[in-house]
>>> print(open('data07.txt').read())   # compact mmCIF, C-alpha atoms and all ligand atoms
# COMPACT_ATOMS: atom_id res chain seq x y z
CA MET P 1399 -17.19 -72.68 1.82
CA LEU P 1400 -19.00 -74.99 4.25
CA GLU P 1401 -22.77 -75.33 3.91
CA THR P 1402 -24.75 -76.69 6.86
CA GLN P 1403 -28.53 -76.52 7.38
CA GLY P 1404 -28.94 -73.61 4.97
CA ILE P 1405 -26.02 -71.60 6.38
CA ARG P 1406 -22.88 -71.10 4.30
CA LEU P 1407 -19.75 -70.37 6.31
CA ASP P 1408 -16.78 -68.93 4.46
CA VAL P 1409 -13.58 -68.29 6.42
CA SER P 1410 -11.26 -68.30 3.38
CA ALA P 1411 -10.78 -64.52 3.26
CA ALA P 1412 -10.19 -64.28 7.01
CA GLU P 1413 -7.62 -67.09 6.84
CA LYS P 1414 -5.44 -64.96 4.58
CA PHE P 1415 -4.67 -62.86 7.66
CA LEU P 1416 -3.27 -65.92 9.44
CA ALA P 1417 -0.14 -67.97 8.89
CA PRO P 1418 -0.69 -70.66 6.24
CA GLY P 1419 -2.10 -73.81 7.84
CA ALA P 1420 -2.83 -72.07 11.16
CA VAL P 1421 -6.49 -73.07 11.25
CA ASP P 1422 -5.78 -76.73 10.54
CA ALA P 1423 -2.97 -76.71 13.10
CA LEU P 1424 -5.57 -75.83 15.75
CA ALA P 1425 -7.74 -78.83 14.90
CA ASP P 1426 -6.37 -81.10 17.65
CA GLN P 1427 -6.90 -78.47 20.33
CA VAL P 1428 -10.43 -77.80 19.10
CA ARG P 1429 -11.16 -81.53 19.15
CA THR P 1430 -9.86 -81.77 22.72
CA VAL P 1431 -12.04 -78.97 24.07
CA ALA P 1432 -15.05 -80.20 22.09
CA THR P 1433 -14.62 -83.70 23.46
CA GLU P 1434 -14.42 -82.30 26.98
CA LEU P 1435 -17.68 -80.48 26.37
CA GLU P 1436 -19.39 -83.58 24.98
CA ASN P 1437 -18.14 -85.56 28.00
CA GLY P 1438 -19.46 -82.96 30.44
CA GLN P 1439 -15.98 -81.98 31.63
CA GLY P 1440 -14.09 -78.74 32.21
CA PRO P 1441 -14.98 -75.39 33.79
CA GLY P 1442 -18.70 -74.71 33.91
CA ALA P 1443 -19.60 -78.37 33.28
CA GLU P 1444 -22.70 -77.96 35.43
CA TYR P 1445 -24.15 -75.63 32.77
CA LEU P 1446 -23.95 -77.86 29.73
CA GLY P 1447 -27.65 -78.67 29.51
CA TRP P 1448 -28.01 -76.57 26.32
CA LEU P 1449 -25.65 -78.90 24.46
CA GLY P 1450 -28.16 -81.73 24.02
CA LEU P 1451 -31.24 -79.57 24.47
CA PRO P 1452 -32.75 -79.44 20.99
CA GLY P 1453 -32.67 -83.23 20.68
CA SER P 1454 -34.03 -83.82 24.16
CA ILE P 1455 -37.09 -81.55 24.11
CA THR P 1456 -40.05 -83.92 24.17
CA GLU P 1457 -43.24 -83.73 22.15
CA ASP P 1458 -45.08 -83.27 25.48
CA ASP P 1459 -42.92 -80.22 26.29
CA LEU P 1460 -43.58 -78.72 22.89
CA ALA P 1461 -47.30 -79.46 23.09
CA ALA P 1462 -47.56 -77.78 26.51
CA MET P 1463 -45.80 -74.66 25.23
CA GLN P 1464 -47.90 -74.63 22.09
CA ALA P 1465 -51.08 -74.90 24.17
CA SER P 1466 -49.97 -71.94 26.27
CA GLY P 1467 -49.33 -70.00 23.07
CA ASP P 1468 -52.74 -70.95 21.69
CA ARG P 1469 -54.46 -69.71 24.85
CA ALA P 1470 -52.66 -66.39 24.47
CA ARG P 1471 -54.48 -65.78 21.18
CA SER P 1472 -57.53 -64.50 23.02
CA ALA P 1473 -55.52 -61.45 24.12
CA GLU P 1474 -54.78 -58.34 22.07
CA VAL P 1475 -51.38 -57.78 23.65
CA TYR P 1476 -48.92 -60.30 25.11
CA VAL P 1477 -46.35 -58.62 27.34
CA VAL P 1478 -43.10 -60.57 27.75
CA VAL P 1479 -41.22 -59.48 30.86
CA GLY P 1480 -37.54 -60.36 31.13
CA ILE P 1481 -34.01 -59.12 30.57
CA GLY P 1482 -30.71 -60.42 29.16
CA GLY P 1483 -30.83 -64.15 28.55
CA SER P 1484 -34.46 -64.16 29.62
CA TYR P 1485 -35.40 -61.74 26.84
CA LEU P 1486 -33.01 -61.48 23.91
CA GLY P 1487 -33.54 -64.93 22.37
CA ALA P 1488 -37.30 -64.63 21.97
CA ARG P 1489 -37.06 -61.11 20.56
CA ALA P 1490 -34.22 -62.09 18.22
CA VAL P 1491 -36.17 -64.99 16.73
CA LEU P 1492 -39.41 -63.02 16.56
CA GLU P 1493 -37.83 -60.17 14.60
CA ALA P 1494 -35.72 -62.42 12.38
CA LEU P 1495 -38.89 -64.22 11.32
CA GLY P 1496 -40.73 -61.02 10.52
CA GLY P 1497 -42.82 -60.67 13.69
CA THR P 1498 -46.09 -62.06 14.98
CA ALA P 1499 -48.17 -64.40 12.82
CA ALA P 1500 -51.64 -63.30 11.69
CA GLY P 1501 -54.33 -63.66 14.35
CA CYS P 1502 -51.85 -63.58 17.24
CA PRO P 1503 -51.53 -60.89 19.89
CA GLU P 1504 -49.08 -58.04 19.53
CA ILE P 1505 -45.91 -58.99 21.41
CA VAL P 1506 -44.50 -56.26 23.63
CA PHE P 1507 -41.33 -56.54 25.72
CA ALA P 1508 -41.01 -55.03 29.20
CA GLY P 1509 -38.51 -55.17 32.04
CA THR P 1510 -35.57 -54.73 29.69
CA GLY P 1511 -34.24 -51.73 31.58
CA LEU P 1512 -35.07 -49.11 34.18
CA CYS P 1513 -36.04 -46.28 31.85
CA SER P 1514 -39.44 -44.99 32.99
CA ALA P 1515 -40.35 -43.58 29.56
CA THR P 1516 -39.96 -47.03 28.01
CA LEU P 1517 -42.10 -48.72 30.63
CA ASP P 1518 -44.62 -45.91 30.35
CA ARG P 1519 -44.97 -46.67 26.64
CA VAL P 1520 -45.70 -50.32 27.45
CA LEU P 1521 -48.36 -49.28 29.95
CA ARG P 1522 -49.94 -47.01 27.35
CA LYS P 1523 -50.00 -49.87 24.82
CA ILE P 1524 -52.16 -51.99 27.11
CA GLU P 1525 -54.60 -49.19 27.92
CA GLY P 1526 -58.09 -50.37 26.99
CA ARG P 1527 -56.74 -53.57 25.42
CA ASP P 1528 -57.00 -57.10 26.76
CA PHE P 1529 -53.54 -58.32 27.68
CA ARG P 1530 -51.64 -61.24 29.13
CA VAL P 1531 -48.22 -61.35 30.74
CA CYS P 1532 -45.42 -63.86 30.42
CA VAL P 1533 -42.82 -63.15 33.10
CA ILE P 1534 -39.44 -64.82 32.64
CA SER P 1535 -36.70 -64.86 35.26
CA LYS P 1536 -34.50 -67.75 36.27
CA SER P 1537 -33.40 -66.20 39.54
CA GLY P 1538 -36.83 -64.66 40.05
CA THR P 1539 -35.18 -61.66 41.68
CA THR P 1540 -33.76 -59.55 38.84
CA LEU P 1541 -34.63 -55.92 39.48
CA GLU P 1542 -35.77 -54.75 36.03
CA PRO P 1543 -38.32 -57.51 35.26
CA ALA P 1544 -39.43 -57.64 38.90
CA VAL P 1545 -40.34 -53.93 38.86
CA ALA P 1546 -42.12 -54.19 35.49
CA PHE P 1547 -44.00 -57.30 36.59
CA ARG P 1548 -45.15 -55.66 39.82
CA LEU P 1549 -46.75 -52.85 37.78
CA LEU P 1550 -48.30 -55.16 35.18
CA ARG P 1551 -49.60 -57.59 37.78
CA ALA P 1552 -51.21 -54.72 39.68
CA GLU P 1553 -52.89 -53.56 36.46
CA LEU P 1554 -54.18 -57.08 35.72
CA GLU P 1555 -55.48 -57.49 39.27
CA LYS P 1556 -57.20 -54.10 39.11
CA ARG P 1557 -58.93 -55.02 35.85
CA TYR P 1558 -59.73 -58.69 36.33
CA GLY P 1559 -59.41 -59.43 40.05
CA LEU P 1560 -56.93 -61.88 41.59
CA ASP P 1561 -58.27 -64.96 39.83
CA GLY P 1562 -58.70 -63.26 36.47
CA ALA P 1563 -55.16 -61.94 36.71
CA ALA P 1564 -53.79 -65.36 37.60
CA GLU P 1565 -55.45 -66.82 34.50
CA ARG P 1566 -53.61 -64.26 32.37
CA ILE P 1567 -50.12 -64.75 33.76
CA THR P 1568 -47.51 -67.30 32.71
CA ALA P 1569 -44.29 -67.54 34.73
CA VAL P 1570 -41.11 -69.10 33.34
CA THR P 1571 -38.68 -69.61 36.19
CA ASP P 1572 -36.69 -72.00 38.35
CA LYS P 1573 -38.40 -75.24 39.36
CA SER P 1574 -38.27 -74.51 43.08
CA ARG P 1575 -36.25 -71.40 44.00
CA GLY P 1576 -36.75 -67.64 43.90
CA ALA P 1577 -39.37 -65.02 44.58
CA LEU P 1578 -41.13 -65.55 41.24
CA ARG P 1579 -41.52 -69.29 41.83
CA GLU P 1580 -42.98 -68.60 45.26
CA LEU P 1581 -45.40 -66.00 43.92
CA ALA P 1582 -46.43 -68.18 40.96
CA ASP P 1583 -47.15 -71.17 43.20
CA LYS P 1584 -49.07 -69.05 45.68
CA GLN P 1585 -51.22 -67.34 43.05
CA GLY P 1586 -51.66 -70.39 40.83
CA TYR P 1587 -50.05 -69.03 37.65
CA GLU P 1588 -49.31 -71.29 34.73
CA THR P 1589 -45.57 -72.08 35.00
CA PHE P 1590 -42.75 -73.45 32.89
CA VAL P 1591 -39.37 -74.49 34.23
CA ILE P 1592 -35.95 -73.21 33.19
CA PRO P 1593 -33.58 -76.17 33.58
CA ASP P 1594 -30.90 -75.79 36.27
CA ASP P 1595 -28.15 -76.73 33.84
CA VAL P 1596 -28.94 -74.08 31.21
CA GLY P 1597 -27.65 -70.53 31.76
CA GLY P 1598 -29.67 -67.48 30.68
CA ARG P 1599 -27.82 -66.72 27.44
CA PHE P 1600 -28.07 -70.37 26.35
CA SER P 1601 -31.77 -70.65 27.15
CA VAL P 1602 -33.52 -69.63 23.92
CA LEU P 1603 -34.53 -73.24 23.18
CA THR P 1604 -36.11 -73.71 26.62
CA PRO P 1605 -39.51 -72.24 27.61
CA VAL P 1606 -37.65 -68.92 27.98
CA GLY P 1607 -37.68 -68.53 24.21
CA LEU P 1608 -40.27 -71.03 23.12
CA VAL P 1609 -43.27 -69.94 25.23
CA PRO P 1610 -43.32 -66.33 23.93
CA LEU P 1611 -42.59 -67.52 20.40
CA ALA P 1612 -45.52 -69.93 20.55
CA ALA P 1613 -47.71 -67.01 21.68
CA ALA P 1614 -46.48 -65.10 18.63
CA GLY P 1615 -47.72 -67.96 16.46
CA LEU P 1616 -44.27 -68.96 15.23
CA ASP P 1617 -43.34 -72.53 14.42
CA ILE P 1618 -41.42 -73.58 17.53
CA ARG P 1619 -41.19 -77.19 16.35
CA ALA P 1620 -39.36 -76.09 13.19
CA LEU P 1621 -37.05 -73.88 15.24
CA VAL P 1622 -36.13 -76.79 17.51
CA ARG P 1623 -35.80 -79.14 14.54
CA GLY P 1624 -33.30 -76.80 12.88
CA ALA P 1625 -31.28 -76.58 16.08
CA ALA P 1626 -31.35 -80.35 16.53
CA ASP P 1627 -30.03 -80.90 13.01
CA MET P 1628 -27.29 -78.35 13.57
CA ALA P 1629 -26.41 -80.00 16.89
CA ILE P 1630 -25.69 -83.20 14.99
CA ALA P 1631 -23.57 -81.35 12.42
CA CYS P 1632 -21.65 -79.69 15.26
CA THR P 1633 -20.55 -82.96 16.82
CA GLY P 1634 -18.36 -83.81 13.81
CA THR P 1635 -14.67 -84.10 14.61
CA GLU P 1636 -13.40 -82.84 11.23
CA LEU P 1637 -12.68 -79.16 11.78
CA ARG P 1638 -13.40 -78.22 8.17
CA GLU P 1639 -16.79 -79.94 8.28
CA ASN P 1640 -17.99 -78.57 11.60
CA PRO P 1641 -19.24 -74.95 11.23
CA ALA P 1642 -19.19 -74.13 14.96
CA HIS P 1643 -15.64 -75.40 15.36
CA LEU P 1644 -14.35 -73.76 12.19
CA TYR P 1645 -15.86 -70.40 13.11
CA ALA P 1646 -14.55 -70.67 16.69
CA ALA P 1647 -11.04 -71.62 15.56
CA THR P 1648 -10.80 -68.81 13.00
CA ARG P 1649 -11.98 -66.03 15.30
CA HIS P 1650 -9.76 -67.33 18.11
CA LEU P 1651 -6.64 -67.30 15.92
CA LEU P 1652 -7.49 -63.80 14.68
CA TYR P 1653 -7.84 -62.68 18.30
CA LYS P 1654 -4.41 -64.09 19.07
CA LYS P 1655 -3.08 -61.91 16.22
CA GLY P 1656 -4.52 -58.77 17.77
CA PHE P 1657 -7.93 -58.63 16.07
CA ASN P 1658 -9.65 -58.29 19.39
CA THR P 1659 -13.00 -56.78 18.39
CA GLU P 1660 -15.43 -58.81 16.30
CA VAL P 1661 -18.02 -56.80 14.45
CA MET P 1662 -21.04 -58.72 13.30
CA SER P 1663 -22.38 -56.93 10.23
CA THR P 1664 -25.65 -57.56 8.52
CA PHE P 1665 -27.47 -56.03 5.57
CA THR P 1666 -30.82 -57.32 6.86
CA ALA P 1667 -32.22 -55.06 9.57
CA ASP P 1668 -34.55 -57.84 10.78
CA LEU P 1669 -31.44 -59.61 12.08
CA GLN P 1670 -30.47 -56.75 14.37
CA MET P 1671 -31.78 -58.52 17.48
CA ILE P 1672 -29.93 -61.69 16.47
CA GLN P 1673 -26.84 -59.49 16.64
CA GLU P 1674 -27.88 -58.31 20.12
CA TRP P 1675 -28.44 -61.89 21.25
CA TRP P 1676 -25.03 -62.87 19.78
CA LYS P 1677 -23.35 -59.97 21.58
CA GLN P 1678 -24.66 -61.15 24.93
CA LEU P 1679 -23.77 -64.76 24.20
CA PHE P 1680 -20.20 -64.00 23.20
CA GLY P 1681 -19.53 -61.03 25.46
CA GLU P 1682 -20.76 -62.67 28.65
CA SER P 1683 -19.13 -65.98 27.81
CA GLU P 1684 -15.67 -64.73 26.85
CA GLY P 1685 -15.10 -61.37 28.47
CA LYS P 1686 -13.46 -62.34 31.73
CA GLY P 1687 -10.07 -62.52 33.40
CA GLY P 1688 -8.82 -59.64 31.26
CA GLN P 1689 -9.49 -61.58 28.08
CA GLY P 1690 -12.02 -61.96 25.31
CA ILE P 1691 -13.04 -60.63 21.93
CA PHE P 1692 -15.28 -57.57 22.25
CA PRO P 1693 -18.48 -58.27 20.26
CA ALA P 1694 -19.87 -55.30 18.36
CA SER P 1695 -22.41 -54.98 15.56
CA THR P 1696 -23.39 -52.89 12.58
CA VAL P 1697 -26.45 -52.86 10.36
CA PHE P 1698 -25.52 -51.96 6.81
CA THR P 1699 -25.98 -50.12 4.63
CA THR P 1700 -27.27 -47.74 7.35
CA ASP P 1701 -24.06 -47.91 9.39
CA LEU P 1702 -21.86 -47.62 6.32
CA HIS P 1703 -22.84 -43.97 6.55
CA SER P 1704 -21.59 -43.75 10.14
CA LEU P 1705 -19.42 -46.54 11.59
CA GLY P 1706 -18.36 -47.63 8.11
CA GLN P 1707 -15.56 -45.06 8.21
CA TYR P 1708 -14.10 -46.66 11.35
CA VAL P 1709 -14.39 -50.20 10.07
CA GLN P 1710 -12.68 -49.22 6.82
CA ASP P 1711 -9.99 -47.03 8.21
CA GLY P 1712 -9.82 -46.90 12.01
CA ARG P 1713 -7.59 -48.93 14.37
CA ARG P 1714 -6.73 -52.20 12.68
CA GLU P 1715 -7.92 -54.49 15.45
CA LEU P 1716 -11.30 -55.42 13.98
CA GLN P 1717 -12.37 -58.74 12.60
CA GLU P 1718 -15.75 -58.81 10.88
CA THR P 1719 -18.37 -61.52 10.56
CA PHE P 1720 -21.03 -60.87 7.95
CA LEU P 1721 -24.44 -62.39 8.56
CA CYS P 1722 -26.20 -62.01 5.24
CA VAL P 1723 -29.45 -63.15 3.67
CA ARG P 1724 -29.60 -63.83 -0.05
CA ASN P 1725 -33.40 -63.83 -0.49
CA VAL P 1726 -35.34 -61.55 1.81
CA VAL P 1727 -39.14 -61.69 1.92
CA GLY P 1728 -39.62 -58.25 0.29
CA SER P 1729 -40.14 -57.96 -3.45
CA ILE P 1730 -39.37 -54.35 -4.27
CA THR P 1731 -37.79 -53.49 -7.60
CA VAL P 1732 -36.54 -50.10 -8.74
CA PRO P 1733 -39.11 -48.55 -11.12
CA ASP P 1734 -38.16 -47.16 -14.50
CA ASP P 1735 -38.49 -43.38 -14.86
CA PRO P 1736 -38.28 -42.05 -18.43
CA ALA P 1737 -37.00 -38.67 -17.22
CA ASP P 1738 -34.22 -40.31 -15.16
CA LEU P 1739 -33.51 -37.02 -13.43
CA ASP P 1740 -32.11 -38.91 -10.43
CA GLY P 1741 -29.87 -41.00 -12.69
CA LEU P 1742 -31.16 -44.28 -11.29
CA ASN P 1743 -32.31 -45.92 -14.51
CA TYR P 1744 -29.20 -48.10 -14.55
CA LEU P 1745 -30.92 -49.92 -11.66
CA ALA P 1746 -34.43 -50.00 -13.17
CA GLY P 1747 -36.03 -53.41 -12.91
CA ARG P 1748 -33.49 -54.71 -10.37
CA SER P 1749 -34.68 -55.95 -7.02
CA LEU P 1750 -33.63 -54.12 -3.89
CA ASP P 1751 -32.39 -57.43 -2.46
CA ASP P 1752 -30.09 -57.86 -5.42
CA ILE P 1753 -28.75 -54.34 -5.01
CA ASN P 1754 -28.31 -54.98 -1.27
CA TRP P 1755 -26.35 -58.16 -2.04
CA LYS P 1756 -24.01 -56.21 -4.31
CA ALA P 1757 -23.57 -53.72 -1.48
CA PHE P 1758 -22.56 -56.64 0.75
CA GLU P 1759 -20.07 -58.01 -1.77
CA GLY P 1760 -18.59 -54.57 -2.36
CA THR P 1761 -18.35 -53.81 1.34
CA ARG P 1762 -16.67 -57.11 2.14
CA GLN P 1763 -14.07 -56.50 -0.56
CA ALA P 1764 -13.46 -52.95 0.64
CA HIS P 1765 -13.04 -54.05 4.25
CA LEU P 1766 -10.70 -56.88 3.28
CA ASP P 1767 -8.63 -54.39 1.27
CA GLY P 1768 -8.67 -52.11 4.30
CA GLY P 1769 -7.10 -54.81 6.49
CA VAL P 1770 -10.18 -56.31 8.16
CA PRO P 1771 -10.32 -60.12 8.21
CA CYS P 1772 -13.85 -61.00 7.07
CA THR P 1773 -15.78 -64.20 7.70
CA SER P 1774 -19.18 -64.71 6.03
CA LEU P 1775 -22.26 -66.51 7.19
CA GLU P 1776 -24.65 -66.50 4.25
CA ILE P 1777 -28.25 -67.61 4.49
CA GLU P 1778 -30.36 -68.30 1.44
CA ARG P 1779 -33.68 -67.60 3.19
CA VAL P 1780 -34.57 -66.99 6.84
CA THR P 1781 -36.84 -69.79 8.07
CA PRO P 1782 -37.50 -71.09 11.60
CA GLU P 1783 -35.25 -74.10 10.86
CA VAL P 1784 -32.38 -71.89 9.72
CA VAL P 1785 -32.73 -69.57 12.71
CA GLY P 1786 -32.72 -72.56 15.09
CA ALA P 1787 -29.62 -73.91 13.36
CA LEU P 1788 -27.88 -70.54 13.53
CA LEU P 1789 -28.55 -70.08 17.24
CA TYR P 1790 -27.24 -73.52 18.07
CA MET P 1791 -24.16 -73.04 15.91
CA PHE P 1792 -23.29 -69.85 17.80
CA GLU P 1793 -23.85 -71.53 21.18
CA LYS P 1794 -21.52 -74.37 20.29
CA ALA P 1795 -18.98 -71.98 18.79
CA VAL P 1796 -18.79 -69.78 21.88
CA ALA P 1797 -18.40 -72.79 24.14
CA VAL P 1798 -15.43 -73.99 22.07
CA SER P 1799 -14.03 -70.50 21.61
CA GLY P 1800 -14.25 -69.74 25.35
CA ARG P 1801 -12.57 -72.99 26.26
CA LEU P 1802 -9.79 -72.29 23.70
CA LEU P 1803 -9.28 -69.00 25.50
CA GLY P 1804 -9.01 -70.82 28.80
CA VAL P 1805 -12.03 -69.16 30.45
CA ASN P 1806 -15.22 -70.66 31.82
CA PRO P 1807 -17.74 -69.74 29.09
CA PHE P 1808 -20.74 -70.48 31.30
CA ASP P 1809 -20.38 -68.09 34.24
CA GLN P 1810 -20.69 -64.31 34.48
CA PRO P 1811 -19.05 -63.24 37.76
CA GLY P 1812 -18.51 -59.70 36.45
CA VAL P 1813 -22.19 -58.82 36.29
CA GLU P 1814 -22.47 -58.86 40.09
CA THR P 1815 -20.09 -55.95 40.67
CA TYR P 1816 -22.33 -53.14 39.44
CA LYS P 1817 -25.30 -54.71 41.22
CA LYS P 1818 -23.52 -54.42 44.60
CA GLU P 1819 -22.84 -50.73 44.00
CA MET P 1820 -26.35 -50.07 42.71
CA PHE P 1821 -28.10 -51.91 45.54
CA ARG P 1822 -25.94 -50.19 48.16
CA ARG P 1823 -27.07 -46.83 46.77
CA LEU P 1824 -30.68 -48.03 46.69
CA GLY P 1825 -30.50 -49.13 50.31
CA LYS P 1826 -31.25 -52.80 49.70
O1 LIG R 1 -27.17 -64.66 30.86
C1 LIG R 1 -27.52 -64.34 31.98
O2 LIG R 1 -27.32 -65.08 32.93
C2 LIG R 1 -28.20 -63.02 32.23
O3 LIG R 1 -28.33 -62.25 31.10
C3 LIG R 1 -29.59 -63.29 32.78
O4 LIG R 1 -30.29 -64.03 31.84
C4 LIG R 1 -30.31 -62.00 33.10
O5 LIG R 1 -29.60 -61.27 34.04
C5 LIG R 1 -31.70 -62.30 33.63
O6 LIG R 1 -31.61 -63.12 34.75
P1 LIG R 1 -32.90 -63.83 35.34
O7 LIG R 1 -33.42 -64.76 34.33
O8 LIG R 1 -32.42 -64.52 36.57
O9 LIG R 1 -33.89 -62.73 35.66
>>> encode(input="data07.txt", output="structure tokens")
Amino acid sequence: MLETQGIRLDVSAAEKFLAPGAVDALADQVRTVATELENGQGPGAEYLGWLGLPGSITEDDLAAMQASGDRARSAEVYVVVGIGGSYLGARAVLEALGGTAAGCPEIVFAGTGLCSATLDRVLRKIEGRDFRVCVISKSGTTLEPAVAFRLLRAELEKRYGLDGAAERITAVTDKSRGALRELADKQGYETFVIPDDVGGRFSVLTPVGLVPLAAAGLDIRALVRGAADMAIACTGTELRENPAHLYAATRHLLYKKGFNTEVMSTFTADLQMIQEWWKQLFGESEGKGGQGIFPASTVFTTDLHSLGQYVQDGRRELQETFLCVRNVVGSITVPDDPADLDGLNYLAGRSLDDINWKAFEGTRQAHLDGGVPCTSLEIERVTPEVVGALLYMFEKAVAVSGRLLGVNPFDQPGVETYKKEMFRRLGK
């Protein structure tokens, strides 16, 4: 068990599915790819800005984002427009930390797809309520957020006029390129820059994640601090002392043995968007050239009553990573009932979290017995520091894991193919 910044990583059960000593035998190769990353070498080297990001964010940067967040408090609703890497990180952190702080606007996400019913619901939410918009797009041309922003901007301009609208819009985009940058400069929106050397899925610790989180009243300094501490822990060269490297090495070796789908399972529903963020990070980074572990997710115990059957007993190509929280914020205990007609008195007085933890332990054992290599990431309590540390650990792990696989973890050439077909049909 390796404990780093409040996160306990246990690969011992998963290792039993590998040849004895296999993980340690990979240490030299892991060190080589990690050193290449640290030295800014190898495929995708132009997108390594995230690596030193948490330590390099200045107090001025944080203060500017905090000030933007503070200004947002005057609104009732804060609509965050973005998709993929320009959306998932902020939502993942927001939900993991239990949502908006008291006195802050309701955070609503838009531009995450092309479903009109979903966008309609967002438009209904802002009816008769004062709102602001934070539009996030690195390219500035992505269809989904561009369409949503056009509608929201029109609504703001109708209600408050051009100047009033401009005062209520924050744009997070490239420093000089793209349609959004041009529009923001022309209209005088508040802007924040997405660094050139940080790709979308690695951008949660840039203004992409931090500006909306500041508006939600969350402690962005603590988030960055946690990531910075984890960044230091993840530079260690001892495989068994570096959580990102150990996790990357284990899952890579399991993949080589045919465990080519990794299911991230949690018993804490608030972490569901962390799973979604993780799926993008790992799927987009590794799934290329006919290779890569397919990232999937389950929320237990809910999914034990659906996908649990497959995990226990379906094709034996799954590896599972549990992301579990020991102490959740809730404080519900099972009440005593003298009649005990439902037969639950054996649980009377026990906390739901404790019962949930037993469900986790039981499930892990059952899945191991069923032939699923299980890794655990256990968190004592979800705090901004721990979430920051977790996000950074995954970023470093996927960079190492992708390089072990021999792919460029920082590009996503495959996502252009559907766009060509879609735009041809739309007559672009
Ligand atoms: O990781 C990625 O690169 C993608 O998910 C992008 O973040 C997503 O497509 C949004 O792109 P943009 O920020 O350019 O609108």
>>> residues_near_point(input="data07.txt", point="(-14.9, -73.8, 21.7)", cutoff="7 Å", atoms="all atoms listed in the file", output="NGL selection string")
:P and (1428 or 1431-1432 or 1643 or 1646 or 1794-1802)
>>> closest_residue(input="data07.txt", among="P:Pro1771, P:Gly1706, P:Gly1483, P:Gly1728", to="ligand LIG 1 (chain R)", atoms="only C-alpha atoms and all ligand atoms")
P:Gly1483
>>> residues_around(input="data07.txt", residues="Thr1659 of chain P", least_positions_apart="6", cutoff="7 Å", atoms="only C-alpha atoms", output="list in words")
Ile1691, Phe1692, Pro1693, Glu1715, Leu1716 and Gln1717 of chain P
>>> residues_near_ligand(input="data07.txt", ligand="ligand LIG 1 (chain R)", cutoff="9 Å", atoms="all atoms listed in the file", output="PDB file with C-alpha atoms, in the frame of the given file")
ATOM      1  CA  GLY P1480     -37.540 -60.360  31.130  1.00  0.00           C
ATOM      2  CA  ILE P1481     -34.010 -59.120  30.570  1.00  0.00           C
ATOM      3  CA  GLY P1482     -30.710 -60.420  29.160  1.00  0.00           C
ATOM      4  CA  GLY P1483     -30.830 -64.150  28.550  1.00  0.00           C
ATOM      5  CA  SER P1484     -34.460 -64.160  29.620  1.00  0.00           C
ATOM      6  CA  TYR P1485     -35.400 -61.740  26.840  1.00  0.00           C
ATOM      7  CA  LEU P1486     -33.010 -61.480  23.910  1.00  0.00           C
ATOM      8  CA  ILE P1534     -39.440 -64.820  32.640  1.00  0.00           C
ATOM      9  CA  SER P1535     -36.700 -64.860  35.260  1.00  0.00           C
ATOM     10  CA  LYS P1536     -34.500 -67.750  36.270  1.00  0.00           C
ATOM     11  CA  SER P1537     -33.400 -66.200  39.540  1.00  0.00           C
ATOM     12  CA  GLY P1538     -36.830 -64.660  40.050  1.00  0.00           C
ATOM     13  CA  THR P1539     -35.180 -61.660  41.680  1.00  0.00           C
ATOM     14  CA  THR P1540     -33.760 -59.550  38.840  1.00  0.00           C
ATOM     15  CA  LEU P1541     -34.630 -55.920  39.480  1.00  0.00           C
ATOM     16  CA  GLU P1542     -35.770 -54.750  36.030  1.00  0.00           C
ATOM     17  CA  PRO P1543     -38.320 -57.510  35.260  1.00  0.00           C
ATOM     18  CA  ALA P1544     -39.430 -57.640  38.900  1.00  0.00           C
ATOM     19  CA  VAL P1570     -41.110 -69.100  33.340  1.00  0.00           C
ATOM     20  CA  THR P1571     -38.680 -69.610  36.190  1.00  0.00           C
ATOM     21  CA  ASP P1572     -36.690 -72.000  38.350  1.00  0.00           C
ATOM     22  CA  ILE P1592     -35.950 -73.210  33.190  1.00  0.00           C
ATOM     23  CA  GLY P1597     -27.650 -70.530  31.760  1.00  0.00           C
ATOM     24  CA  GLY P1598     -29.670 -67.480  30.680  1.00  0.00           C
ATOM     25  CA  ARG P1599     -27.820 -66.720  27.440  1.00  0.00           C
ATOM     26  CA  PHE P1600     -28.070 -70.370  26.350  1.00  0.00           C
ATOM     27  CA  SER P1601     -31.770 -70.650  27.150  1.00  0.00           C
ATOM     28  CA  VAL P1606     -37.650 -68.920  27.980  1.00  0.00           C
ATOM     29  CA  GLN P1678     -24.660 -61.150  24.930  1.00  0.00           C
ATOM     30  CA  LEU P1679     -23.770 -64.760  24.200  1.00  0.00           C
ATOM     31  CA  GLU P1682     -20.760 -62.670  28.650  1.00  0.00           C
ATOM     32  CA  SER P1683     -19.130 -65.980  27.810  1.00  0.00           C
ATOM     33  CA  PHE P1808     -20.740 -70.480  31.300  1.00  0.00           C
ATOM     34  CA  ASP P1809     -20.380 -68.090  34.240  1.00  0.00           C
ATOM     35  CA  GLN P1810     -20.690 -64.310  34.480  1.00  0.00           C
ATOM     36  CA  VAL P1813     -22.190 -58.820  36.290  1.00  0.00           C
TER      37      VAL P1813
END
>>> residues_around(input="data07.txt", residues="Ile1777 of chain P", least_positions_apart="4", cutoff="9 Å", atoms="all atoms listed in the file", output="number ranges by chain")
P: 1404-1406, 1721-1725, 1784
>>> closest_residue(input="data07.txt", among="P:Val1533, P:Leu1549, P:Ala1577, P:Ala1631", to="Thr1589 of chain P", atoms="only C-alpha atoms")
P:Val1533
>>> closest_residue(input="data07.txt", among="P:Asp1752, P:Glu1759, P:Glu1718, P:Glu1660", to="Val1732 of chain P", atoms="only C-alpha atoms")
P:Asp1752
>>> residues_around(input="data07.txt", residues="Ala1443 of chain P", least_positions_apart="3", cutoff="12 Å", atoms="only C-alpha atoms", output="list in words")
Val1431, Glu1434, Leu1435, Glu1436, Asn1437, Gly1438, Gln1439, Gly1440, Leu1446, Gly1447, Trp1448, Leu1449, Asp1594, Asp1595, Val1596, Gly1597, Ala1797, Arg1801, Asn1806, Pro1807, Phe1808 and Asp1809 of chain P
